[in-house]
Amino acid sequence: QGKTQKAIYRTSMGRNLILDKITIPEPKEGELLIKVEASTINPSDRLFIGGLYSKKNLPVGCGFEGTGTVV
């Protein structure tokens with residue numbers, strides 16, 4: 001069993017958000033793993049959470065911007 005982290009994500013369109021622990025992914029070749037230190041919720045994030053802005057494959061995390069450290 002790998003290390004876990006808290007995450008807010010959704011598995012369906014709409015405002016049904018889930019706060020849960022998820023397994024920290026192992027980066028594949030050509031990818032980086034970033035430990036997020038801070039993230040914001042902007043108006044575009046609220047529209048995305050409501051299913052009104054930018055469609056993505058589910059499940060998907062919420063929030064487009066943040067800052068962190070490459071681990």
# chains A, B, ... in the order shown; residues from 1 in each chain; ligands from 1
$ select_by_dssp --residues "chain A" --states "helix (DSSP H, G or I)" --output "list in words"
Pro43, Ser44, Asp45, Arg46, Leu47, Phe48 and Ile49 of chain A
$ residues_around --residues "Pro43 (chain A)" --least-positions-apart "5" --cutoff "12 Å" --atoms "only C-alpha atoms" --output "list in words"
Phe48, Ile49, Gly50, Leu52, Tyr53, Gly63, Phe64 and Glu65 of chain A
$ write_last_selection --atoms "all heavy atoms" --output "tab-separated table (two decimals), in the first residue's frame"
chain	number	residue	atom	x	y	z
A	48	PHE	N	-16.25	25.29	-12.71
A	48	PHE	CA	-15.82	23.93	-13.04
A	48	PHE	C	-16.45	22.92	-12.09
A	48	PHE	O	-16.99	21.90	-12.50
A	48	PHE	CB	-14.29	23.83	-12.98
A	48	PHE	CG	-13.78	22.44	-13.17
A	48	PHE	CD1	-13.85	21.82	-14.40
A	48	PHE	CD2	-13.23	21.75	-12.10
A	48	PHE	CE1	-13.39	20.52	-14.57
A	48	PHE	CE2	-12.76	20.47	-12.26
A	48	PHE	CZ	-12.84	19.85	-13.50
A	49	ILE	N	-16.42	23.22	-10.79
A	49	ILE	CA	-17.02	22.34	-9.79
A	49	ILE	C	-18.51	22.14	-10.09
A	49	ILE	O	-19.04	21.05	-9.92
A	49	ILE	CB	-16.79	22.90	-8.37
A	49	ILE	CG1	-15.31	22.78	-8.00
A	49	ILE	CG2	-17.66	22.17	-7.34
A	49	ILE	CD1	-14.90	23.56	-6.77
A	50	GLY	N	-19.17	23.20	-10.55
A	50	GLY	CA	-20.59	23.12	-10.87
A	50	GLY	C	-20.88	22.48	-12.22
A	50	GLY	O	-22.03	22.35	-12.62
A	52	LEU	N	-19.99	23.68	-15.19
A	52	LEU	CA	-20.32	24.69	-16.20
A	52	LEU	C	-19.11	25.20	-16.98
A	52	LEU	O	-19.26	26.06	-17.84
A	52	LEU	CB	-20.99	25.89	-15.50
A	52	LEU	CG	-22.26	25.55	-14.72
A	52	LEU	CD1	-22.72	26.77	-13.93
A	52	LEU	CD2	-23.34	25.04	-15.65
A	53	TYR	N	-17.92	24.69	-16.69
A	53	TYR	CA	-16.71	25.23	-17.30
A	53	TYR	C	-15.71	24.09	-17.48
A	53	TYR	O	-15.39	23.40	-16.53
A	53	TYR	CB	-16.12	26.31	-16.39
A	53	TYR	CG	-14.85	26.96	-16.88
A	53	TYR	CD1	-14.88	27.96	-17.84
A	53	TYR	CD2	-13.61	26.59	-16.36
A	53	TYR	CE1	-13.72	28.57	-18.27
A	53	TYR	CE2	-12.46	27.20	-16.79
A	53	TYR	CZ	-12.50	28.18	-17.74
A	53	TYR	OH	-11.36	28.79	-18.17
A	63	GLY	N	-9.68	22.61	-8.75
A	63	GLY	CA	-8.71	23.68	-8.61
A	63	GLY	C	-7.70	23.64	-9.74
A	63	GLY	O	-7.18	22.60	-10.10
A	64	PHE	N	-7.47	24.81	-10.35
A	64	PHE	CA	-6.57	24.90	-11.50
A	64	PHE	C	-5.20	25.46	-11.15
A	64	PHE	O	-4.25	25.26	-11.90
A	64	PHE	CB	-7.19	25.79	-12.59
A	64	PHE	CG	-8.42	25.22	-13.22
A	64	PHE	CD1	-9.58	25.96	-13.29
A	64	PHE	CD2	-8.43	23.94	-13.74
A	64	PHE	CE1	-10.71	25.46	-13.88
A	64	PHE	CE2	-9.55	23.42	-14.34
A	64	PHE	CZ	-10.71	24.19	-14.40
A	65	GLU	N	-5.09	26.21	-10.06
A	65	GLU	CA	-3.84	26.90	-9.75
A	65	GLU	C	-3.33	26.49	-8.39
A	65	GLU	O	-4.09	26.13	-7.51
A	65	GLU	CB	-4.06	28.41	-9.77
A	65	GLU	CG	-4.50	28.93	-11.12
A	65	GLU	CD	-4.81	30.41	-11.10
A	65	GLU	OE1	-4.57	31.07	-10.06
A	65	GLU	OE2	-5.27	30.92	-12.11
$ atom_distance --atom1 "CA of Thr69 (chain A)" --atom2 "CA of Asn42 (chain A)"
21.4 Å
$ atom_distance --atom1 "CA of Leu58 (chain A)" --atom2 "CA of Ile22 (chain A)"
14.5 Å
$ select_by_dssp --residues "chain A" --states "strand (DSSP E)" --output "ChimeraX atom specification"
/A:4-10,18-23,34-39,60-61,66-70
$ write_last_selection --atoms "N, CA and C atoms" --output "short mmCIF file (atom, residue, chain, number, x, y, z; two decimals), in the first residue's frame"
data_model
loop_
_atom_site.label_atom_id
_atom_site.label_comp_id
_atom_site.auth_asym_id
_atom_site.auth_seq_id
_atom_site.Cartn_x
_atom_site.Cartn_y
_atom_site.Cartn_z
N THR A 4 -0.52 8.01 1.24
CA THR A 4 -1.78 8.66 0.89
C THR A 4 -1.72 10.15 1.17
N GLN A 5 -2.70 10.86 0.61
CA GLN A 5 -2.85 12.29 0.82
C GLN A 5 -4.34 12.61 0.82
N LYS A 6 -4.70 13.76 1.38
CA LYS A 6 -6.08 14.22 1.30
C LYS A 6 -6.30 14.88 -0.05
N ALA A 7 -7.50 14.72 -0.59
CA ALA A 7 -7.83 15.33 -1.87
C ALA A 7 -9.31 15.66 -1.91
N ILE A 8 -9.64 16.73 -2.63
CA ILE A 8 -11.03 17.06 -2.93
C ILE A 8 -11.21 16.79 -4.42
N TYR A 9 -12.18 15.95 -4.73
CA TYR A 9 -12.40 15.59 -6.13
C TYR A 9 -13.87 15.27 -6.34
N ARG A 10 -14.23 15.05 -7.59
CA ARG A 10 -15.60 14.65 -7.89
C ARG A 10 -15.57 13.47 -8.86
N ILE A 18 -16.05 15.23 -3.05
CA ILE A 18 -15.63 14.22 -2.10
C ILE A 18 -14.31 14.67 -1.48
N LEU A 19 -14.23 14.63 -0.15
CA LEU A 19 -12.97 14.85 0.56
C LEU A 19 -12.58 13.50 1.13
N ASP A 20 -11.45 12.98 0.68
CA ASP A 20 -11.04 11.64 1.08
C ASP A 20 -9.54 11.51 0.93
N LYS A 21 -9.01 10.42 1.44
CA LYS A 21 -7.60 10.10 1.22
C LYS A 21 -7.47 9.31 -0.07
N ILE A 22 -6.46 9.65 -0.86
CA ILE A 22 -6.17 8.93 -2.10
C ILE A 22 -4.70 8.51 -2.07
N THR A 23 -4.37 7.51 -2.85
CA THR A 23 -2.98 7.07 -2.96
C THR A 23 -2.19 8.08 -3.79
N ILE A 34 4.44 16.81 -7.80
CA ILE A 34 4.55 18.09 -7.11
C ILE A 34 3.78 18.01 -5.80
N LYS A 35 4.45 18.34 -4.69
CA LYS A 35 3.78 18.45 -3.40
C LYS A 35 3.19 19.85 -3.33
N VAL A 36 1.87 19.92 -3.35
CA VAL A 36 1.18 21.21 -3.36
C VAL A 36 1.24 21.83 -1.97
N GLU A 37 1.72 23.05 -1.91
CA GLU A 37 1.81 23.78 -0.64
C GLU A 37 0.58 24.66 -0.42
N ALA A 38 0.05 25.23 -1.51
CA ALA A 38 -1.12 26.10 -1.41
C ALA A 38 -1.88 26.05 -2.73
N SER A 39 -3.20 26.18 -2.65
CA SER A 39 -4.04 26.20 -3.83
C SER A 39 -5.18 27.18 -3.59
N VAL A 60 -11.89 13.68 -11.13
CA VAL A 60 -10.99 14.81 -11.37
C VAL A 60 -10.89 15.65 -10.10
N GLY A 61 -9.68 16.15 -9.83
CA GLY A 61 -9.47 17.06 -8.71
C GLY A 61 -10.03 18.42 -9.03
N GLY A 66 -2.02 26.55 -8.24
CA GLY A 66 -1.41 26.24 -6.95
C GLY A 66 0.09 26.44 -7.00
N THR A 67 0.72 26.25 -5.88
CA THR A 67 2.17 26.35 -5.80
C THR A 67 2.69 25.20 -4.96
N GLY A 68 3.89 24.74 -5.26
CA GLY A 68 4.42 23.61 -4.53
C GLY A 68 5.86 23.32 -4.88
N THR A 69 6.32 22.14 -4.48
CA THR A 69 7.70 21.72 -4.66
C THR A 69 7.74 20.40 -5.42
N VAL A 70 8.64 20.33 -6.39
CA VAL A 70 8.83 19.07 -7.11
C VAL A 70 9.49 18.08 -6.16
#
$ atom_distance --atom1 "CA of Asp45 (chain A)" --atom2 "CA of Glu31 (chain A)"
24.0 Å
$ closest_residue --among "A:Ser12, A:Val71, A:Pro25, A:Cys62" --to "Thr40 (chain A)" --atoms "only C-alpha atoms"
A:Cys62
$ closest_residue --among "A:Ile24, A:Met13, A:Leu47, A:Ile41" --to "Pro59 (chain A)" --atoms "only C-alpha atoms"
A:Met13
